[in-house]
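Next comes query.json, with JSON, C-alpha atoms and all ligand atoms.
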[["chain", "number", "residue", "atom", "x", "y", "z"],
["V", 1, "MET", "CA", 12.93, -33.38, 14.77],
["V", 2, "ILE", "CA", 14.04, -29.83, 14.21],
["V", 3, "LEU", "CA", 11.51, -27.06, 14.77],
["V", 4, "ARG", "CA", 11.34, -26.23, 11.05],
["V", 5, "GLN", "CA", 9.90, -29.67, 10.31],
["V", 6, "ALA", "CA", 7.85, -29.74, 13.47],
["V", 7, "LEU", "CA", 6.13, -26.43, 12.68],
["V", 8, "ALA", "CA", 5.22, -27.68, 9.25],
["V", 9, "ARG", "CA", 3.93, -31.05, 10.34],
["V", 10, "ARG", "CA", 2.49, -30.99, 13.84],
["V", 11, "LYS", "CA", -1.17, -30.08, 14.23],
["V", 12, "SER", "CA", -1.77, -30.31, 17.96],
["V", 13, "PRO", "CA", -2.66, -27.09, 19.83],
["V", 14, "ALA", "CA", -0.73, -28.51, 22.79],
["V", 15, "PHE", "CA", 2.40, -28.37, 20.67],
["V", 16, "ALA", "CA", 2.28, -24.56, 20.63],
["V", 17, "ARG", "CA", 1.98, -24.36, 24.40],
["V", 18, "ASN", "CA", 4.85, -26.76, 24.82],
["V", 19, "LEU", "CA", 7.00, -24.55, 22.61],
["V", 20, "THR", "CA", 6.93, -21.55, 24.93],
["V", 21, "ILE", "CA", 10.44, -21.11, 26.29],
["V", 22, "SER", "CA", 10.38, -18.49, 29.01],
["V", 23, "LYS", "CA", 13.94, -17.19, 28.73],
["V", 24, "SER", "CA", 13.98, -16.74, 24.98],
["V", 25, "PRO", "CA", 13.17, -13.29, 23.54],
["V", 26, "ILE", "CA", 10.95, -15.09, 21.02],
["V", 27, "SER", "CA", 8.60, -18.07, 21.26],
["V", 28, "TRP", "CA", 5.99, -19.58, 18.95],
["V", 29, "GLN", "CA", 2.22, -19.55, 19.25],
["V", 30, "GLN", "CA", -0.38, -21.34, 17.19],
["V", 31, "ASP", "CA", -2.71, -19.08, 15.23],
["V", 32, "GLU", "CA", -6.50, -19.31, 15.25],
["V", 33, "ARG", "CA", -6.67, -20.31, 11.62],
["V", 34, "PRO", "CA", -4.84, -22.96, 9.57],
["V", 35, "GLN", "CA", -2.44, -22.16, 6.74],
["V", 36, "GLN", "CA", -4.00, -20.74, 3.60],
["V", 37, "THR", "CA", -3.29, -20.53, -0.13],
["V", 38, "ILE", "CA", -5.09, -19.06, -3.12],
["V", 39, "ALA", "CA", -8.06, -20.98, -4.52],
["V", 40, "SER", "CA", -7.06, -20.62, -8.19],
["V", 41, "ALA", "CA", -4.23, -19.27, -10.32],
["V", 42, "VAL", "CA", -4.13, -15.59, -11.26],
["V", 43, "GLU", "CA", -1.63, -13.42, -13.12],
["V", 44, "ARG", "CA", -0.65, -9.81, -13.63],
["V", 45, "SER", "CA", 1.78, -8.22, -16.12],
["V", 46, "GLY", "CA", 3.61, -4.96, -16.16],
["V", 47, "VAL", "CA", 6.89, -3.10, -16.25],
["V", 48, "GLY", "CA", 9.58, -3.39, -13.56],
["V", 49, "LEU", "CA", 10.28, -0.14, -11.68],
["V", 50, "HIS", "CA", 14.07, -0.27, -11.84],
["V", 51, "SER", "CA", 14.80, -2.46, -14.89],
["V", 52, "GLY", "CA", 12.03, -1.08, -17.11],
["V", 53, "VAL", "CA", 11.60, -4.69, -18.33],
["V", 54, "SER", "CA", 8.09, -6.15, -18.63],
["V", 55, "ALA", "CA", 7.25, -9.40, -16.87],
["V", 56, "THR", "CA", 4.25, -11.57, -16.07],
["V", 57, "VAL", "CA", 3.79, -12.92, -12.57],
["V", 58, "ARG", "CA", 1.53, -15.93, -12.06],
["V", 59, "LEU", "CA", 0.33, -16.84, -8.57],
["V", 60, "ILE", "CA", -0.40, -20.57, -8.27],
["V", 61, "PRO", "CA", -1.92, -22.48, -5.31],
["V", 62, "ALA", "CA", 0.63, -24.37, -3.19],
["V", 63, "ARG", "CA", 0.41, -27.13, -0.59],
["V", 64, "ALA", "CA", 0.40, -26.41, 3.13],
["V", 65, "GLY", "CA", 3.94, -26.27, 4.47],
["V", 66, "GLU", "CA", 5.48, -25.23, 1.13],
["V", 67, "GLY", "CA", 5.52, -21.53, 2.01],
["V", 68, "ARG", "CA", 5.97, -18.79, -0.57],
["V", 69, "TYR", "CA", 8.55, -19.20, -3.31],
["V", 70, "PHE", "CA", 9.48, -17.85, -6.73],
["V", 71, "VAL", "CA", 10.22, -19.85, -9.86],
["V", 72, "LYS", "CA", 11.48, -18.36, -13.11],
["V", 73, "ALA", "CA", 9.38, -19.69, -15.99],
["V", 74, "GLY", "CA", 11.16, -22.63, -17.64],
["V", 75, "ASP", "CA", 13.45, -23.08, -14.65],
["V", 76, "GLU", "CA", 12.64, -25.31, -11.66],
["V", 77, "VAL", "CA", 15.03, -23.57, -9.23],
["V", 78, "LYS", "CA", 12.88, -22.48, -6.30],
["V", 79, "ILE", "CA", 13.83, -19.17, -4.73],
["V", 80, "PRO", "CA", 12.22, -19.18, -1.28],
["V", 81, "ALA", "CA", 10.74, -15.82, -0.24],
["V", 82, "SER", "CA", 13.03, -15.90, 2.78],
["V", 83, "ILE", "CA", 15.38, -13.48, 4.52],
["V", 84, "ASP", "CA", 18.07, -16.14, 3.98],
["V", 85, "HIS", "CA", 17.96, -15.35, 0.26],
["V", 86, "VAL", "CA", 17.93, -11.55, 0.39],
["V", 87, "GLU", "CA", 20.68, -9.93, -1.65],
["V", 88, "GLU", "CA", 21.79, -6.41, -0.87],
["V", 89, "SER", "CA", 20.31, -4.02, -3.44],
["V", 90, "VAL", "CA", 19.46, -0.34, -3.78],
["V", 91, "LEU", "CA", 15.89, 0.93, -3.26],
["V", 92, "CYS", "CA", 14.25, -2.49, -3.52],
["V", 93, "THR", "CA", 14.38, -6.01, -2.07],
["V", 94, "THR", "CA", 16.04, -8.72, -4.17],
["V", 95, "LEU", "CA", 16.04, -12.50, -3.63],
["V", 96, "ARG", "CA", 18.78, -14.70, -5.05],
["V", 97, "ARG", "CA", 19.52, -18.42, -5.15],
["V", 98, "GLY", "CA", 22.63, -19.22, -7.14],
["V", 99, "SER", "CA", 22.33, -17.52, -10.51],
["V", 100, "ALA", "CA", 18.53, -17.16, -10.21],
["V", 101, "LYS", "CA", 17.24, -13.87, -8.88],
["V", 102, "VAL", "CA", 14.05, -11.87, -8.63],
["V", 103, "SER", "CA", 13.92, -8.25, -7.60],
["V", 104, "THR", "CA", 11.48, -5.65, -6.24],
["V", 105, "VAL", "CA", 9.52, -8.38, -4.51],
["V", 106, "GLU", "CA", 8.40, -6.25, -1.55],
["V", 107, "HIS", "CA", 4.98, -5.02, -2.72],
["V", 108, "LEU", "CA", 3.84, -8.46, -3.86],
["V", 109, "MET", "CA", 5.16, -10.04, -0.65],
["V", 110, "SER", "CA", 3.38, -7.38, 1.38],
["V", 111, "ALA", "CA", 0.07, -8.14, -0.37],
["V", 112, "LEU", "CA", 0.49, -11.89, 0.25],
["V", 113, "GLU", "CA", 1.31, -11.39, 3.95],
["V", 114, "GLY", "CA", -1.46, -8.83, 4.43],
["V", 115, "SER", "CA", -4.00, -11.03, 2.64],
["V", 116, "GLY", "CA", -3.08, -14.18, 4.56],
["V", 117, "ILE", "CA", -1.65, -16.16, 1.65],
["V", 118, "ASP", "CA", 0.85, -18.38, 3.46],
["V", 119, "ASN", "CA", 1.66, -20.81, 0.66],
["V", 120, "VAL", "CA", 1.97, -19.85, -3.00],
["V", 121, "ARG", "CA", 4.10, -20.65, -6.03],
["V", 122, "ILE", "CA", 5.04, -17.43, -7.84],
["V", 123, "GLU", "CA", 6.13, -17.91, -11.45],
["V", 124, "ILE", "CA", 7.77, -14.97, -13.17],
["V", 125, "ASP", "CA", 8.12, -14.85, -16.94],
["V", 126, "GLY", "CA", 9.82, -12.35, -19.26],
["V", 127, "GLY", "CA", 12.03, -10.62, -16.73],
["V", 128, "PHE", "CA", 13.49, -10.85, -13.25],
["V", 129, "GLU", "CA", 11.67, -7.91, -11.68],
["V", 130, "VAL", "CA", 8.14, -8.08, -10.24],
["V", 131, "PRO", "CA", 5.92, -5.54, -12.07],
["V", 132, "ILE", "CA", 5.49, -2.28, -10.18],
["V", 133, "LEU", "CA", 1.85, -1.91, -11.39],
["V", 134, "ASP", "CA", 0.51, 1.33, -9.87],
["V", 135, "GLY", "CA", 3.29, 1.57, -7.27],
["V", 136, "SER", "CA", 1.15, 0.17, -4.45],
["V", 137, "SER", "CA", 0.05, -3.38, -3.58],
["V", 138, "ARG", "CA", -3.63, -2.75, -4.35],
["V", 139, "GLU", "CA", -3.62, -4.59, -7.69],
["V", 140, "TRP", "CA", -1.96, -7.61, -6.05],
["V", 141, "VAL", "CA", -4.61, -7.62, -3.33],
["V", 142, "GLU", "CA", -7.32, -7.42, -6.01],
["V", 143, "ALA", "CA", -5.68, -10.31, -7.90],
["V", 144, "ILE", "CA", -5.67, -12.40, -4.71],
["V", 145, "GLU", "CA", -9.34, -11.57, -4.10],
["V", 146, "GLU", "CA", -10.10, -12.55, -7.70],
["V", 147, "ALA", "CA", -8.32, -15.90, -7.22],
["V", 148, "GLY", "CA", -10.02, -16.56, -3.88],
["V", 149, "ILE", "CA", -8.49, -17.63, -0.57],
["V", 150, "CYS", "CA", -8.82, -21.14, 0.92],
["V", 151, "SER", "CA", -7.18, -23.35, 3.52],
["V", 152, "ALA", "CA", -4.09, -25.12, 2.23],
["V", 153, "LYS", "CA", -3.82, -28.92, 2.39],
["V", 154, "ASP", "CA", -0.73, -31.07, 2.80],
["V", 155, "ASP", "CA", 0.12, -34.23, 0.83],
["V", 156, "SER", "CA", -2.40, -36.18, 2.90],
["V", 157, "GLY", "CA", -5.18, -33.69, 2.23],
["V", 158, "ASP", "CA", -5.06, -32.31, 5.78],
["V", 159, "GLU", "CA", -4.94, -28.74, 6.97],
["V", 160, "ILE", "CA", -1.81, -27.61, 8.83],
["V", 161, "SER", "CA", -1.66, -25.26, 11.78],
["V", 162, "ARG", "CA", -0.07, -21.88, 11.34],
["V", 163, "PHE", "CA", 2.36, -20.47, 13.88],
["V", 164, "SER", "CA", 3.58, -16.97, 14.66],
["V", 165, "ALA", "CA", 6.71, -15.79, 16.43],
["V", 166, "VAL", "CA", 5.90, -13.87, 19.62],
["V", 167, "VAL", "CA", 8.36, -11.22, 20.84],
["V", 168, "HIS", "CA", 8.90, -11.08, 24.64],
["V", 169, "GLU", "CA", 11.43, -8.29, 25.04],
["V", 170, "PRO", "CA", 12.47, -5.16, 23.09],
["V", 171, "LEU", "CA", 14.56, -5.95, 20.03],
["V", 172, "TYR", "CA", 15.97, -3.32, 17.71],
["V", 173, "VAL", "CA", 18.46, -2.30, 15.07],
["V", 174, "TRP", "CA", 19.47, 1.26, 14.30],
["V", 175, "LYS", "CA", 21.65, 3.39, 12.08],
["V", 176, "ASN", "CA", 22.20, 7.07, 12.88],
["V", 177, "ASP", "CA", 18.71, 8.36, 13.71],
["V", 178, "SER", "CA", 16.87, 5.51, 11.91],
["V", 179, "PHE", "CA", 15.60, 2.43, 13.71],
["V", 180, "VAL", "CA", 13.38, -0.63, 13.52],
["V", 181, "ALA", "CA", 12.21, -2.01, 16.86],
["V", 182, "ALA", "CA", 9.84, -4.64, 18.22],
["V", 183, "PHE", "CA", 8.15, -4.38, 21.62],
["V", 184, "PRO", "CA", 6.01, -7.00, 23.34],
["V", 185, "HIS", "CA", 2.37, -6.56, 22.34],
["V", 186, "PRO", "CA", -0.54, -9.03, 22.19],
["V", 187, "LYS", "CA", -1.32, -8.25, 18.53],
["V", 188, "THR", "CA", 0.81, -7.55, 15.48],
["V", 189, "ARG", "CA", 0.83, -3.77, 15.29],
["V", 190, "VAL", "CA", 3.02, -1.61, 13.03],
["V", 191, "THR", "CA", 3.87, 2.06, 13.52],
["V", 192, "CYS", "CA", 6.04, 3.91, 11.00],
["V", 193, "GLY", "CA", 7.46, 7.40, 11.01],
["V", 194, "ILE", "CA", 9.19, 9.41, 8.27],
["V", 195, "ASP", "CA", 10.79, 12.84, 8.37],
["V", 196, "PHE", "CA", 11.35, 14.75, 5.14],
["V", 197, "SER", "CA", 11.81, 18.14, 6.73],
["V", 198, "GLN", "CA", 13.45, 19.45, 3.54],
["V", 199, "VAL", "CA", 10.28, 18.59, 1.55],
["V", 200, "SER", "CA", 7.52, 20.60, 3.17],
["V", 201, "ALA", "CA", 4.69, 18.79, 1.34],
["V", 202, "ILE", "CA", 5.76, 15.54, 3.07],
["V", 203, "GLY", "CA", 7.35, 16.72, 6.34],
["V", 204, "CYS", "CA", 7.09, 14.47, 9.39],
["V", 205, "GLN", "CA", 4.38, 11.76, 9.35],
["V", 206, "TRP", "CA", 3.42, 8.85, 11.60],
["V", 207, "PHE", "CA", 0.88, 6.10, 10.99],
["V", 208, "SER", "CA", -0.08, 3.04, 13.03],
["V", 209, "CYS", "CA", -2.29, 0.05, 12.24],
["V", 210, "PHE", "CA", -2.85, -3.70, 12.63],
["V", 211, "PRO", "CA", -1.79, -4.96, 9.18],
["V", 212, "THR", "CA", -2.49, -8.66, 9.76],
["V", 213, "ILE", "CA", -6.20, -7.84, 9.88],
["V", 214, "GLN", "CA", -7.03, -8.45, 6.23],
["V", 215, "HIS", "CA", -9.57, -5.62, 5.90],
["V", 216, "THR", "CA", -7.20, -3.14, 7.56],
["V", 217, "TYR", "CA", -4.40, -4.10, 5.22],
["V", 218, "SER", "CA", -6.50, -3.93, 2.03],
["V", 219, "GLN", "CA", -8.18, -0.62, 2.92],
["V", 220, "GLU", "CA", -5.56, 1.32, 4.90],
["V", 221, "ILE", "CA", -2.20, 0.14, 3.54],
["V", 222, "ALA", "CA", -2.45, -1.60, 0.14],
["V", 223, "PRO", "CA", -3.56, 1.52, -1.85],
["V", 224, "SER", "CA", -0.56, 3.61, -0.75],
["V", 225, "ARG", "CA", 1.93, 4.13, -3.58],
["V", 226, "THR", "CA", 5.70, 4.41, -3.59],
["V", 227, "PHE", "CA", 7.00, 7.97, -3.64],
["V", 228, "CYS", "CA", 10.09, 9.85, -4.71],
["V", 229, "ILE", "CA", 11.54, 13.35, -4.62],
["V", 230, "PHE", "CA", 11.37, 15.07, -8.02],
["V", 231, "GLU", "CA", 14.81, 16.68, -7.64],
["V", 232, "GLU", "CA", 16.37, 13.21, -7.10],
["V", 233, "VAL", "CA", 14.86, 11.61, -10.21],
["V", 234, "ASP", "CA", 17.66, 12.47, -12.67],
["V", 235, "GLY", "CA", 20.31, 11.17, -10.27],
["V", 236, "LEU", "CA", 18.47, 7.87, -9.80],
["V", 237, "ARG", "CA", 17.95, 7.47, -13.55],
["V", 238, "ASN", "CA", 21.61, 8.19, -14.25],
["V", 239, "ALA", "CA", 22.50, 5.51, -11.67],
["V", 240, "GLY", "CA", 20.50, 2.98, -13.69],
["V", 241, "LEU", "CA", 17.56, 2.93, -11.29],
["V", 242, "ILE", "CA", 13.83, 3.66, -11.85],
["V", 243, "GLN", "CA", 14.12, 3.01, -15.61],
["V", 244, "GLY", "CA", 10.45, 1.99, -15.56],
["V", 245, "GLY", "CA", 9.34, 4.74, -13.18],
["V", 246, "SER", "CA", 6.63, 7.20, -14.23],
["V", 247, "VAL", "CA", 3.88, 9.36, -12.77],
["V", 248, "ASP", "CA", 1.61, 6.33, -13.29],
["V", 249, "ASN", "CA", 3.49, 4.16, -10.77],
["V", 250, "ALA", "CA", 4.79, 6.60, -8.16],
["V", 251, "ILE", "CA", 3.77, 9.79, -6.46],
["V", 252, "VAL", "CA", 6.39, 12.45, -7.06],
["V", 253, "CYS", "CA", 7.02, 15.40, -4.77],
["V", 254, "SER", "CA", 9.07, 18.50, -5.55],
["V", 255, "ILE", "CA", 11.02, 20.21, -2.77],
["V", 256, "SER", "CA", 9.94, 23.61, -4.09],
["V", 257, "SER", "CA", 6.47, 23.07, -5.57],
["V", 258, "GLY", "CA", 4.94, 20.08, -3.77],
["V", 259, "TRP", "CA", 3.22, 17.07, -5.33],
["V", 260, "ILE", "CA", 3.66, 16.77, -9.10],
["V", 261, "ASN", "CA", 0.85, 14.26, -9.72],
["V", 262, "PRO", "CA", -1.92, 14.66, -7.14],
["V", 263, "PRO", "CA", -4.33, 13.69, -5.76],
["V", 264, "LEU", "CA", -2.89, 11.53, -3.01],
["V", 265, "ARG", "CA", -4.98, 8.55, -1.88],
["V", 266, "PHE", "CA", -4.32, 9.50, 1.77],
["V", 267, "PRO", "CA", -2.84, 12.71, 3.22],
["V", 268, "ASP", "CA", -0.15, 10.51, 4.82],
["V", 269, "GLU", "CA", 0.24, 8.16, 1.83],
["V", 270, "PRO", "CA", 4.10, 8.16, 1.95],
["V", 271, "CYS", "CA", 4.12, 7.03, 5.57],
["V", 272, "ARG", "CA", 1.53, 4.34, 4.91],
["V", 273, "HIS", "CA", 3.69, 3.10, 2.03],
["V", 274, "LYS", "CA", 6.55, 2.65, 4.50],
["V", 275, "ILE", "CA", 4.30, 0.26, 6.43],
["V", 276, "LEU", "CA", 3.52, -1.55, 3.16],
["V", 277, "ASP", "CA", 7.26, -1.97, 2.53],
["V", 278, "LEU", "CA", 7.98, -3.08, 6.11],
["V", 279, "VAL", "CA", 5.22, -5.71, 5.96],
["V", 280, "GLY", "CA", 6.70, -7.01, 2.70],
["V", 281, "ASP", "CA", 10.25, -7.14, 4.01],
["V", 282, "LEU", "CA", 9.35, -8.79, 7.33],
["V", 283, "SER", "CA", 7.12, -11.29, 5.50],
["V", 284, "LEU", "CA", 10.46, -12.84, 4.50],
["V", 285, "LEU", "CA", 10.73, -14.24, 8.03],
["V", 286, "ALA", "CA", 7.99, -16.71, 7.11],
["V", 287, "GLU", "CA", 8.88, -20.29, 6.36],
["V", 288, "ASN", "CA", 6.86, -23.45, 5.87],
["V", 289, "GLY", "CA", 3.64, -21.46, 5.62],
["V", 290, "ASN", "CA", 3.87, -19.73, 8.99],
["V", 291, "GLN", "CA", 3.29, -16.02, 9.60],
["V", 292, "GLY", "CA", 6.17, -13.72, 8.68],
["V", 293, "LEU", "CA", 5.34, -10.69, 10.81],
["V", 294, "PRO", "CA", 6.07, -11.35, 14.49],
["V", 295, "VAL", "CA", 3.44, -10.76, 17.16],
["V", 296, "ALA", "CA", 4.78, -7.47, 18.55],
["V", 297, "HIS", "CA", 4.44, -3.73, 18.26],
["V", 298, "LEU", "CA", 6.86, -3.01, 15.42],
["V", 299, "VAL", "CA", 8.04, 0.60, 15.27],
["V", 300, "ALA", "CA", 10.17, 1.91, 12.41],
["V", 301, "TYR", "CA", 11.48, 5.44, 11.93],
["V", 302, "LYS", "CA", 13.21, 6.69, 8.75],
["V", 303, "ALA", "CA", 13.95, 3.07, 7.88],
["V", 304, "GLY", "CA", 14.43, 1.53, 4.43],
["V", 305, "HIS", "CA", 14.84, -1.89, 2.87],
["V", 306, "ALA", "CA", 18.43, -2.34, 4.14],
["V", 307, "LEU", "CA", 17.52, -1.66, 7.78],
["V", 308, "HIS", "CA", 14.37, -3.81, 7.43],
["V", 309, "ALA", "CA", 16.60, -6.65, 6.21],
["V", 310, "ARG", "CA", 19.04, -6.19, 9.12],
["V", 311, "PHE", "CA", 16.16, -6.35, 11.58],
["V", 312, "ALA", "CA", 14.69, -9.43, 9.92],
["V", 313, "SER", "CA", 18.12, -11.11, 9.94],
["V", 314, "MET", "CA", 18.48, -10.43, 13.66],
["V", 315, "LEU", "CA", 15.08, -11.98, 14.36],
["V", 316, "ARG", "CA", 15.94, -14.91, 12.12],
["V", 317, "ASP", "CA", 19.17, -15.51, 14.07],
["V", 318, "ILE", "CA", 17.18, -15.67, 17.32],
["V", 319, "MET", "CA", 14.67, -18.05, 15.73],
["V", 320, "VAL", "CA", 17.44, -20.33, 14.47],
["V", 321, "LYS", "CA", 18.92, -20.43, 17.96],
["V", 322, "LEU", "CA", 15.48, -21.23, 19.34],
["V", 323, "LYS", "CA", 15.17, -24.14, 16.92],
["V", 324, "GLY", "CA", 18.46, -25.50, 18.18],
["V", 325, "GLU", "CA", 17.11, -25.50, 21.73],
["V", 326, "VAL", "CA", 13.89, -27.35, 20.92],
["Z", 401, "ZN", "ZN", 7.68, 0.32, -1.74]]

Just give me the structure as structure tokens.
Ligand SMILES: [Zn+2]
Amino acid sequence: MILRQALARRKSPAFARNLTISKSPISWQQDERPQQTIASAVERSGVGLHSGVSATVRLIPARAGEGRYFVKAGDEVKIPASIDHVEESVLCTTLRRGSAKVSTVEHLMSALEGSGIDNVRIEIDGGFEVPILDGSSREWVEAIEEAGICSAKDDSGDEISRFSAVVHEPLYVWKNDSFVAAFPHPKTRVTCGIDFSQVSAIGCQWFSCFPTIQHTYSQEIAPSRTFCIFEEVDGLRNAGLIQGGSVDNAIVCSISSGWINPPLRFPDEPCRHKILDLVGDLSLLAENGNQGLPVAHLVAYKAGHALHARFASMLRDIMVKLKGEV
């Protein structure tokens, strides 16, 4: 039995201990709680940040082991929320399977990972881009709280254990002075840094937290909105991006005159939003209802979606190799 099936099916705590392979940079550990899903369906509608097209997203309970996946309304092609289906795109994270695609998934995925929703069917209707809402993941977290959270059951009506990948040695990717790294740490901790030295109102910021603690995620990370530089807006619009962007779904900062649409929700809101994005992008490491974020101290500096995806792909390659050894 390959590990993918084993992780979805086995329920014995002893299984997790047996999985520890000392020489691998990553091993698996069983979490304290079983896999979860939402208790009822819930939906939100809104405009897509880049396309400007309105869509409705419906979150629907899923069985344990199914993981998180998208389905376009009227189409039964499942697009797993997996790093294996990430398509290179500018300023957002896009998933593709064949001709089916869904874009700007990162804030919704972040909310699901941060809220502990391991299994969910995500139907999208009216467009291919997840609504940007207020530019943060707060409205998704509120939707999840409205739906309720419960343990997920498999076909037999049983709960299934949830596993996390544990990092045992430093792993990193970098480009110029940007990097994403993981260091051994007993809890999942994320630290992000940004440096906008040319924009004095933003400057250099660092923030660190434990985003898999549900209360920490909902209070410290989820409210932070996406941000952009005012002087770059025309260039992005002319490139066909941010067609649905407005001062209602992003905080905008001018190089010369500071924030255009205050107040900020946190003094370091841009940096916190980078953690929100990283949580969403690394959530794509999850499969079969297991945790996406590895157990490690994750440190990212001046990173974006492309570097997040490279880092996730590297971890995925190690995990695939690990499966082959089990
Ligand atoms: Zn974002």

Contacts of Thr212 in chain V at 6 Å or less, counting all atoms listed in the file, minus same-chain residues fewer than 2 places along, as a VMD selection string? chain V and resid 114 210 214

Counting only C-alpha atoms, what is within 8 Å of Phe207 in chain V, bar same-chain residues fewer than 5 positions away, as a VMD selection string? chain V and resid 191 to 193 268 271 to 272

Next, write the just-selected residues to a file, as a tab-separated table (two decimals), in the coordinates of the input, keeping C-alpha atoms as the atom set.
chain	number	residue	atom	x	y	z
V	191	THR	CA	3.87	2.06	13.52
V	192	CYS	CA	6.04	3.91	11.00
V	193	GLY	CA	7.46	7.40	11.01
V	268	ASP	CA	-0.15	10.51	4.82
V	271	CYS	CA	4.12	7.03	5.57
V	272	ARG	CA	1.53	4.34	4.91

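Minimum atom-to-atom distances from V:Ala300, V:Val86, V:Ile122, V:Val42 to Glu139 in chain V were compared using all atoms listed in the file, and the lowest value belongs to V:Val42.
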
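Between Gln219 in chain V and the candidates V:Leu133, V:Cys253, V:Val141, V:Val57, the tightest atom-to-atom separation, counting only C-alpha atoms, involves V:Val141.
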
Pull the closest atom pair for each residue of chain V that gets at most 9 Å from ligand ZN 401 (chain Z), along with the distance in Å to one decimal, counting only C-alpha atoms and all ligand atoms, ordering rows by chain and then ascending residue number, as a tab-separated table.
residue	atom	partner	partner_atom	distance
V:Leu91	CA	Z:ZN401	ZN	8.4
V:Cys92	CA	Z:ZN401	ZN	7.4
V:Thr104	CA	Z:ZN401	ZN	8.4
V:Glu106	CA	Z:ZN401	ZN	6.6
V:His107	CA	Z:ZN401	ZN	6.1
V:Gly135	CA	Z:ZN401	ZN	7.2
V:Ser136	CA	Z:ZN401	ZN	7.1
V:Ser137	CA	Z:ZN401	ZN	8.7
V:Ser224	CA	Z:ZN401	ZN	8.9
V:Arg225	CA	Z:ZN401	ZN	7.1
V:Thr226	CA	Z:ZN401	ZN	4.9
V:Phe227	CA	Z:ZN401	ZN	7.9
V:His273	CA	Z:ZN401	ZN	6.2
V:Lys274	CA	Z:ZN401	ZN	6.8
V:Ile275	CA	Z:ZN401	ZN	8.8
V:Leu276	CA	Z:ZN401	ZN	6.7
V:Asp277	CA	Z:ZN401	ZN	4.9
V:Leu278	CA	Z:ZN401	ZN	8.6
V:Gly280	CA	Z:ZN401	ZN	8.6
V:His305	CA	Z:ZN401	ZN	8.8
